[in-house]
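Structure file model16.pdb (PDB, C-alpha atoms and all ligand atoms) follows.
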ATOM      1  CA  MET B 135     100.867 106.098 141.180
ATOM      2  CA  SER B 136     101.500 102.600 142.428
ATOM      3  CA  ASN B 137     104.349 100.898 144.241
ATOM      4  CA  PHE B 138     103.080  97.523 143.051
ATOM      5  CA  THR B 139     106.102  95.392 142.357
ATOM      6  CA  THR B 140     104.840  92.297 140.509
ATOM      7  CA  GLN B 141     104.576  92.208 136.716
ATOM      8  CA  ASN B 142     101.304  93.400 135.181
ATOM      9  CA  PRO B 143      98.718  91.208 136.951
ATOM     10  CA  GLY B 144      95.934  92.018 134.483
ATOM     11  CA  THR B 145      95.120  91.998 130.776
ATOM     12  CA  SER B 146      98.291  92.251 128.703
ATOM     13  CA  VAL B 147      99.066  94.878 126.080
ATOM     14  CA  GLU B 148      99.182  92.017 123.542
ATOM     15  CA  ALA B 149      95.670  90.864 124.442
ATOM     16  CA  LEU B 150      94.348  94.412 124.137
ATOM     17  CA  ARG B 151      96.125  94.832 120.819
ATOM     18  CA  HIS B 152      94.455  91.667 119.569
ATOM     19  CA  HIS B 153      91.042  92.818 120.824
ATOM     20  CA  TYR B 154      91.195  96.396 119.542
ATOM     21  CA  CYS B 155      93.994  97.189 117.083
ATOM     22  CA  ASN B 156      93.819  93.953 115.107
ATOM     23  CA  VAL B 157      90.096  94.468 114.668
ATOM     24  CA  GLY B 158      90.134  98.212 114.046
ATOM     25  CA  ASN B 159      87.863 101.167 114.758
ATOM     26  CA  GLU B 160      85.499 100.458 111.851
ATOM     27  CA  PHE B 161      84.292  97.232 113.412
ATOM     28  CA  TYR B 162      83.437  98.946 116.694
ATOM     29  CA  ARG B 163      81.706 101.779 114.847
ATOM     30  CA  LEU B 164      79.296  99.211 113.393
ATOM     31  CA  TRP B 165      77.681  98.329 116.690
ATOM     32  CA  LEU B 166      78.697 100.810 119.400
ATOM     33  CA  ASP B 167      76.917 104.145 119.677
ATOM     34  CA  PRO B 168      78.467 107.205 117.943
ATOM     35  CA  THR B 169      80.435 108.109 121.092
ATOM     36  CA  LEU B 170      82.078 104.650 120.944
ATOM     37  CA  THR B 171      81.277 103.963 124.567
ATOM     38  CA  TYR B 172      82.260 100.378 125.264
ATOM     39  CA  SER B 173      80.507  99.585 128.539
ATOM     40  CA  CYS B 174      76.948  98.794 129.605
ATOM     41  CA  ALA B 175      74.411 101.526 128.907
ATOM     42  CA  LEU B 176      71.789 102.733 131.371
ATOM     43  CA  TRP B 177      68.327 102.146 129.925
ATOM     44  CA  GLU B 178      64.996 103.534 131.011
ATOM     45  CA  GLU B 179      62.162 101.059 131.489
ATOM     46  CA  ASN B 180      60.765 100.014 128.047
ATOM     47  CA  GLU B 181      63.251 102.179 126.164
ATOM     48  CA  GLY B 182      63.806 101.087 122.571
ATOM     49  CA  HIS B 183      67.171  99.741 121.520
ATOM     50  CA  ASP B 184      67.456 102.486 118.916
ATOM     51  CA  ASN B 185      68.250 104.813 121.828
ATOM     52  CA  LEU B 186      71.694 103.385 122.544
ATOM     53  CA  GLN B 187      73.444 106.752 122.444
ATOM     54  CA  ALA B 188      70.932 108.318 124.843
ATOM     55  CA  ALA B 189      71.352 105.350 127.194
ATOM     56  CA  GLN B 190      75.152 105.654 127.046
ATOM     57  CA  LEU B 191      75.106 109.388 127.753
ATOM     58  CA  ARG B 192      72.646 108.801 130.615
ATOM     59  CA  LYS B 193      75.081 106.254 132.046
ATOM     60  CA  ILE B 194      78.042 108.633 131.758
ATOM     61  CA  ASP B 195      76.086 111.502 133.329
ATOM     62  CA  PHE B 196      75.043 109.198 136.169
ATOM     63  CA  HIS B 197      78.671 108.405 136.982
ATOM     64  CA  VAL B 198      79.736 112.034 136.680
ATOM     65  CA  ALA B 199      77.015 112.924 139.203
ATOM     66  CA  GLN B 200      78.066 110.078 141.514
ATOM     67  CA  ALA B 201      81.694 111.238 141.390
ATOM     68  CA  ARG B 202      80.541 114.834 142.049
ATOM     69  CA  VAL B 203      82.959 116.254 139.509
ATOM     70  CA  LYS B 204      80.773 118.790 137.713
ATOM     71  CA  GLY B 205      82.923 121.906 137.234
ATOM     72  CA  ALA B 206      85.980 120.167 138.720
ATOM     73  CA  LYS B 207      89.491 121.169 137.772
ATOM     74  CA  ARG B 208      91.020 117.767 137.017
ATOM     75  CA  VAL B 209      89.292 114.427 136.494
ATOM     76  CA  LEU B 210      90.852 111.059 135.626
ATOM     77  CA  ASP B 211      89.187 108.258 133.652
ATOM     78  CA  VAL B 212      90.981 104.946 134.201
ATOM     79  CA  GLY B 213      90.536 102.745 131.120
ATOM     80  CA  CYS B 214      89.091 105.541 129.009
ATOM     81  CA  GLY B 215      88.384 103.616 125.788
ATOM     82  CA  TRP B 216      87.740 106.013 122.910
ATOM     83  CA  GLY B 217      87.296 108.901 125.354
ATOM     84  CA  SER B 218      83.512 109.338 125.583
ATOM     85  CA  VAL B 219      83.614 110.124 129.313
ATOM     86  CA  LEU B 220      86.485 112.570 128.821
ATOM     87  CA  ARG B 221      84.599 114.456 126.104
ATOM     88  CA  ARG B 222      81.387 114.534 128.106
ATOM     89  CA  LEU B 223      83.261 115.896 131.137
ATOM     90  CA  LEU B 224      84.599 118.769 129.031
ATOM     91  CA  ASP B 225      81.622 119.445 126.760
ATOM     92  CA  VAL B 226      78.739 119.125 129.205
ATOM     93  CA  HIS B 227      80.051 119.049 132.754
ATOM     94  CA  SER B 228      82.408 122.046 132.637
ATOM     95  CA  VAL B 229      85.448 120.097 133.810
ATOM     96  CA  GLU B 230      88.620 122.091 133.168
ATOM     97  CA  HIS B 231      91.010 119.250 132.396
ATOM     98  CA  ALA B 232      90.178 115.616 131.631
ATOM     99  CA  VAL B 233      92.860 112.927 131.729
ATOM    100  CA  GLY B 234      92.449 109.407 130.393
ATOM    101  CA  ILE B 235      94.607 106.336 130.665
ATOM    102  CA  THR B 236      94.322 103.340 128.377
ATOM    103  CA  MET B 237      96.515 100.398 127.511
ATOM    104  CA  SER B 238      95.310 100.306 123.917
ATOM    105  CA  GLU B 239      97.210 102.112 121.161
ATOM    106  CA  ILE B 240      94.051 102.507 119.073
ATOM    107  CA  HIS B 241      92.340 104.447 121.906
ATOM    108  CA  TYR B 242      95.424 106.527 122.538
ATOM    109  CA  GLU B 243      95.684 107.525 118.873
ATOM    110  CA  TRP B 244      91.959 108.258 118.593
ATOM    111  CA  ILE B 245      91.928 110.600 121.600
ATOM    112  CA  SER B 246      95.253 112.244 120.680
ATOM    113  CA  ALA B 247      93.822 113.055 117.243
ATOM    114  CA  LEU B 248      91.081 115.143 118.877
ATOM    115  CA  ASN B 249      93.827 117.686 119.520
ATOM    116  CA  ASN B 250      92.097 119.243 122.506
ATOM    117  CA  SER B 251      94.369 121.089 124.946
ATOM    118  CA  LYS B 252      91.961 120.354 127.818
ATOM    119  CA  LEU B 253      92.229 116.662 127.172
ATOM    120  CA  GLU B 254      95.231 114.498 128.005
ATOM    121  CA  VAL B 255      95.646 110.816 127.276
ATOM    122  CA  HIS B 256      98.332 108.403 128.471
ATOM    123  CA  LEU B 257      99.165 105.014 127.035
ATOM    124  CA  GLU B 258      99.895 103.136 130.236
ATOM    125  CA  SER B 259      98.442 101.053 133.033
ATOM    126  CA  TRP B 260      96.969 102.678 136.131
ATOM    127  CA  MET B 261      99.940 101.088 137.947
ATOM    128  CA  ASP B 262     102.370 103.289 136.004
ATOM    129  CA  HIS B 263     100.435 106.535 136.201
ATOM    130  CA  PHE B 264     102.188 109.193 138.264
ATOM    131  CA  PRO B 265     100.221 112.452 137.937
ATOM    132  CA  LYS B 266     101.959 115.777 138.547
ATOM    133  CA  GLU B 267      98.868 117.141 140.266
ATOM    134  CA  PRO B 268      96.164 115.327 142.225
ATOM    135  CA  TYR B 269      92.719 114.692 140.723
ATOM    136  CA  ASP B 270      89.418 116.022 142.018
ATOM    137  CA  GLY B 271      87.745 112.786 141.008
ATOM    138  CA  ILE B 272      88.313 109.458 139.293
ATOM    139  CA  ILE B 273      85.891 107.548 137.088
ATOM    140  CA  SER B 274      86.458 104.064 135.703
ATOM    141  CA  LEU B 275      83.893 102.133 133.668
ATOM    142  CA  GLU B 276      84.330  98.482 132.774
ATOM    143  CA  ALA B 277      88.090  98.555 133.052
ATOM    144  CA  PHE B 278      88.290  97.088 136.556
ATOM    145  CA  GLU B 279      87.698  93.576 135.174
ATOM    146  CA  HIS B 280      90.985  93.875 133.265
ATOM    147  CA  PHE B 281      93.146  94.686 136.265
ATOM    148  CA  THR B 282      93.554  91.023 137.269
ATOM    149  CA  LYS B 283      93.457  87.659 135.528
ATOM    150  CA  LEU B 284      91.324  84.643 136.337
ATOM    151  CA  ASP B 285      94.393  82.460 136.838
ATOM    152  CA  LEU B 286      95.530  84.536 139.815
ATOM    153  CA  SER B 287      94.542  83.267 143.235
ATOM    154  CA  GLN B 288      91.737  85.051 145.045
ATOM    155  CA  GLN B 289      94.315  86.460 147.466
ATOM    156  CA  GLU B 290      96.411  87.865 144.630
ATOM    157  CA  ARG B 291      93.384  89.440 142.990
ATOM    158  CA  ILE B 292      92.311  91.040 146.246
ATOM    159  CA  ARG B 293      95.831  92.397 146.636
ATOM    160  CA  VAL B 294      95.655  94.062 143.203
ATOM    161  CA  TYR B 295      92.264  95.629 143.900
ATOM    162  CA  ARG B 296      93.405  96.859 147.328
ATOM    163  CA  GLU B 297      96.371  98.484 145.633
ATOM    164  CA  PHE B 298      94.142 100.089 143.000
ATOM    165  CA  PHE B 299      91.921 101.662 145.656
ATOM    166  CA  ARG B 300      94.945 102.654 147.753
ATOM    167  CA  VAL B 301      96.505 104.647 144.923
ATOM    168  CA  ALA B 302      93.131 105.976 143.745
ATOM    169  CA  THR B 303      92.370 107.411 147.153
ATOM    170  CA  ASN B 304      95.902 108.563 148.071
ATOM    171  CA  GLY B 305      97.006 109.836 144.651
TER     172      GLY B 305
HETATM  173  C1  LIG B 401      85.852  97.700 127.900
HETATM  174  S1  LIG B 401      86.909  99.092 127.641
HETATM  175  C2  LIG B 401      85.974 100.357 128.497
HETATM  176  C3  LIG B 401      86.251 101.701 127.907
HETATM  177  C4  LIG B 401      85.525 102.894 128.530
HETATM  178  N1  LIG B 401      85.655 102.936 129.961
HETATM  179  C5  LIG B 401      84.087 102.950 128.115
HETATM  180  O1  LIG B 401      83.202 102.801 128.970
HETATM  181  O2  LIG B 401      83.841 103.182 126.935
HETATM  182  C6  LIG B 401      88.291  98.762 128.784
HETATM  183  C7  LIG B 401      89.360  99.823 128.832
HETATM  184  O3  LIG B 401      90.236  99.533 129.929
HETATM  185  C8  LIG B 401      91.571  99.767 129.516
HETATM  186  N2  LIG B 401      92.487  99.043 130.434
HETATM  187  C9  LIG B 401      92.620  97.708 130.594
HETATM  188  N3  LIG B 401      93.548  97.439 131.537
HETATM  189  C10 LIG B 401      93.998  98.638 131.981
HETATM  190  C11 LIG B 401      94.960  99.043 132.949
HETATM  191  N4  LIG B 401      95.656  98.138 133.669
HETATM  192  N5  LIG B 401      95.156 100.361 133.162
HETATM  193  C12 LIG B 401      94.469 101.286 132.444
HETATM  194  N6  LIG B 401      93.542 100.971 131.512
HETATM  195  C13 LIG B 401      93.312  99.659 131.289
HETATM  196  C14 LIG B 401      91.602  99.347 128.079
HETATM  197  O4  LIG B 401      92.724  99.877 127.411
HETATM  198  C15 LIG B 401      90.262  99.919 127.613
HETATM  199  O5  LIG B 401      90.429 101.277 127.273
END
Would it be possible to restate this file's structure as structure tokens?
Amino acid sequence: MSNFTTQNPGTSVEALRHHYCNVGNEFYRLWLDPTLTYSCALWEENEGHDNLQAAQLRKIDFHVAQARVKGAKRVLDVGCGWGSVLRRLLDVHSVEHAVGITMSEIHYEWISALNNSKLEVHLESWMDHFPKEPYDGIISLEAFEHFTKLDLSQQERIRVYREFFRVATNG
């Protein structure tokens, strides 16, 4: 996907391993919603906090609508976490094939275990993703922050984000 030549400029595999694998799925199940969506939810005015799952699904549906991928053939989720967007694309939005990329082994194993032929997951960075076919749309929720590090200069960070959008729009 990318011709970026520097070493990974973002969150390392080791940091993600520490954050996810060393902690384990059970911890995240305690406080995330049942879909294990790990990004901000979209709440209605005065909605109670016991509606976390509804607010997460509302958020996912909002982004699916924004990306205009309902019924699409192939959709990519960059930084797919435990795969909630991928499953929603297949189960509710009639997408034919959903592809996720994550740098966390725990996410990769979780999604692989779903054993769904319409669902594909890759354990790699967006910089190393070379799809065989183009995508009809790309969604990415709360992964962007991980693509650079704070100790990079502003110029370096801008360079990474330019590269991300270059490959995302050119395939
Ligand atoms: C906070 S989680 C968000 C998960 C998911 N988007 C959600 O809303 O539930 C961040 C995700 O970004 C992934 N990630 C971090 N850096 C990445 C990179 N360079 N390329 C692809 N995925 C990356 C992590 O592995 C993790 O799955």
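Interatomic distance, CA of Glu290 in chain B against CA of Ala149 in chain B: 20.4 Å.
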Test item: residues lying within 10 Å of ligand LIG 401 (chain B) with only C-alpha atoms and all ligand atoms, as a PDB file with C-alpha atoms, in the coordinates of the input:
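Okay, this is what ended up in part_0.pdb:
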ATOM      1  CA  ASN B 142     101.304  93.400 135.181  1.00  0.00           C
ATOM      2  CA  PRO B 143      98.718  91.208 136.951  1.00  0.00           C
ATOM      3  CA  GLY B 144      95.934  92.018 134.483  1.00  0.00           C
ATOM      4  CA  THR B 145      95.120  91.998 130.776  1.00  0.00           C
ATOM      5  CA  SER B 146      98.291  92.251 128.703  1.00  0.00           C
ATOM      6  CA  VAL B 147      99.066  94.878 126.080  1.00  0.00           C
ATOM      7  CA  ALA B 149      95.670  90.864 124.442  1.00  0.00           C
ATOM      8  CA  LEU B 150      94.348  94.412 124.137  1.00  0.00           C
ATOM      9  CA  ARG B 151      96.125  94.832 120.819  1.00  0.00           C
ATOM     10  CA  HIS B 153      91.042  92.818 120.824  1.00  0.00           C
ATOM     11  CA  TYR B 154      91.195  96.396 119.542  1.00  0.00           C
ATOM     12  CA  LEU B 166      78.697 100.810 119.400  1.00  0.00           C
ATOM     13  CA  THR B 169      80.435 108.109 121.092  1.00  0.00           C
ATOM     14  CA  LEU B 170      82.078 104.650 120.944  1.00  0.00           C
ATOM     15  CA  THR B 171      81.277 103.963 124.567  1.00  0.00           C
ATOM     16  CA  TYR B 172      82.260 100.378 125.264  1.00  0.00           C
ATOM     17  CA  SER B 173      80.507  99.585 128.539  1.00  0.00           C
ATOM     18  CA  CYS B 174      76.948  98.794 129.605  1.00  0.00           C
ATOM     19  CA  ALA B 175      74.411 101.526 128.907  1.00  0.00           C
ATOM     20  CA  GLN B 190      75.152 105.654 127.046  1.00  0.00           C
ATOM     21  CA  LYS B 193      75.081 106.254 132.046  1.00  0.00           C
ATOM     22  CA  ILE B 194      78.042 108.633 131.758  1.00  0.00           C
ATOM     23  CA  ASP B 211      89.187 108.258 133.652  1.00  0.00           C
ATOM     24  CA  VAL B 212      90.981 104.946 134.201  1.00  0.00           C
ATOM     25  CA  GLY B 213      90.536 102.745 131.120  1.00  0.00           C
ATOM     26  CA  CYS B 214      89.091 105.541 129.009  1.00  0.00           C
ATOM     27  CA  GLY B 215      88.384 103.616 125.788  1.00  0.00           C
ATOM     28  CA  TRP B 216      87.740 106.013 122.910  1.00  0.00           C
ATOM     29  CA  GLY B 217      87.296 108.901 125.354  1.00  0.00           C
ATOM     30  CA  SER B 218      83.512 109.338 125.583  1.00  0.00           C
ATOM     31  CA  VAL B 219      83.614 110.124 129.313  1.00  0.00           C
ATOM     32  CA  LEU B 220      86.485 112.570 128.821  1.00  0.00           C
ATOM     33  CA  GLY B 234      92.449 109.407 130.393  1.00  0.00           C
ATOM     34  CA  ILE B 235      94.607 106.336 130.665  1.00  0.00           C
ATOM     35  CA  THR B 236      94.322 103.340 128.377  1.00  0.00           C
ATOM     36  CA  MET B 237      96.515 100.398 127.511  1.00  0.00           C
ATOM     37  CA  SER B 238      95.310 100.306 123.917  1.00  0.00           C
ATOM     38  CA  GLU B 239      97.210 102.112 121.161  1.00  0.00           C
ATOM     39  CA  ILE B 240      94.051 102.507 119.073  1.00  0.00           C
ATOM     40  CA  HIS B 241      92.340 104.447 121.906  1.00  0.00           C
ATOM     41  CA  TYR B 242      95.424 106.527 122.538  1.00  0.00           C
ATOM     42  CA  HIS B 256      98.332 108.403 128.471  1.00  0.00           C
ATOM     43  CA  LEU B 257      99.165 105.014 127.035  1.00  0.00           C
ATOM     44  CA  GLU B 258      99.895 103.136 130.236  1.00  0.00           C
ATOM     45  CA  SER B 259      98.442 101.053 133.033  1.00  0.00           C
ATOM     46  CA  TRP B 260      96.969 102.678 136.131  1.00  0.00           C
ATOM     47  CA  MET B 261      99.940 101.088 137.947  1.00  0.00           C
ATOM     48  CA  ASP B 262     102.370 103.289 136.004  1.00  0.00           C
ATOM     49  CA  HIS B 263     100.435 106.535 136.201  1.00  0.00           C
ATOM     50  CA  ILE B 273      85.891 107.548 137.088  1.00  0.00           C
ATOM     51  CA  SER B 274      86.458 104.064 135.703  1.00  0.00           C
ATOM     52  CA  LEU B 275      83.893 102.133 133.668  1.00  0.00           C
ATOM     53  CA  GLU B 276      84.330  98.482 132.774  1.00  0.00           C
ATOM     54  CA  ALA B 277      88.090  98.555 133.052  1.00  0.00           C
ATOM     55  CA  PHE B 278      88.290  97.088 136.556  1.00  0.00           C
ATOM     56  CA  GLU B 279      87.698  93.576 135.174  1.00  0.00           C
ATOM     57  CA  HIS B 280      90.985  93.875 133.265  1.00  0.00           C
ATOM     58  CA  PHE B 281      93.146  94.686 136.265  1.00  0.00           C
ATOM     59  CA  THR B 282      93.554  91.023 137.269  1.00  0.00           C
ATOM     60  CA  PHE B 298      94.142 100.089 143.000  1.00  0.00           C
TER      61      PHE B 298
END
When you look at Glu178 in chain B with a cut-off of 12 Å (counting all atoms listed in the file), what residues show up, excluding the ones that are within fewer than 4 positions of it in the same chain? I need them as a PDB file with C-alpha atoms, keeping the file's coordinate frame.
ATOM      1  CA  GLY B 182      63.806 101.087 122.571  1.00  0.00           C
ATOM      2  CA  HIS B 183      67.171  99.741 121.520  1.00  0.00           C
ATOM      3  CA  ASN B 185      68.250 104.813 121.828  1.00  0.00           C
ATOM      4  CA  LEU B 186      71.694 103.385 122.544  1.00  0.00           C
ATOM      5  CA  ALA B 188      70.932 108.318 124.843  1.00  0.00           C
ATOM      6  CA  ALA B 189      71.352 105.350 127.194  1.00  0.00           C
ATOM      7  CA  GLN B 190      75.152 105.654 127.046  1.00  0.00           C
ATOM      8  CA  ARG B 192      72.646 108.801 130.615  1.00  0.00           C
ATOM      9  CA  LYS B 193      75.081 106.254 132.046  1.00  0.00           C
TER      10      LYS B 193
END
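Restricting the calculation to all atoms listed in the file, the smallest distance between Pro168 in chain B and any of B:His197, B:Glu230, B:Leu191, B:Arg291 is found for B:Leu191.
Computed from the coordinates, the CA of Val226 in chain B to CA of Val203 in chain B distance equals 11.5 Å.
Closest approach to Val229 in chain B among B:Ala201, B:Leu284, B:Val294, B:Ala206: B:Ala206, based on all atoms listed in the file.
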Next item on the list: Please return, as a PyMOL selection string, all polymer residues that have at least one atom within 12 Å of the point (91.3, 121.3, 131.8); use all atoms listed in the file and the file's own coordinate frame.
Entry: chain B and resi 205-210+220-221+223-225+227-233+250-254+269-270
Check: So how many Å separate CA of Val301 in chain B and CA of Leu286 in chain B, to one decimal?
Finding: 20.8 Å
Would you compute the box with edges along x, y and z of the file around range 193-209 of chain B, including every atom the file lists for it and 8 Å extra on each side, and give its centre and edge lengths in Å to one decimal, as AutoDock Vina command-line options?
--center_x 83.0 --center_y 114.1 --center_z 136.9 --size_x 32.0 --size_y 31.7 --size_z 26.3
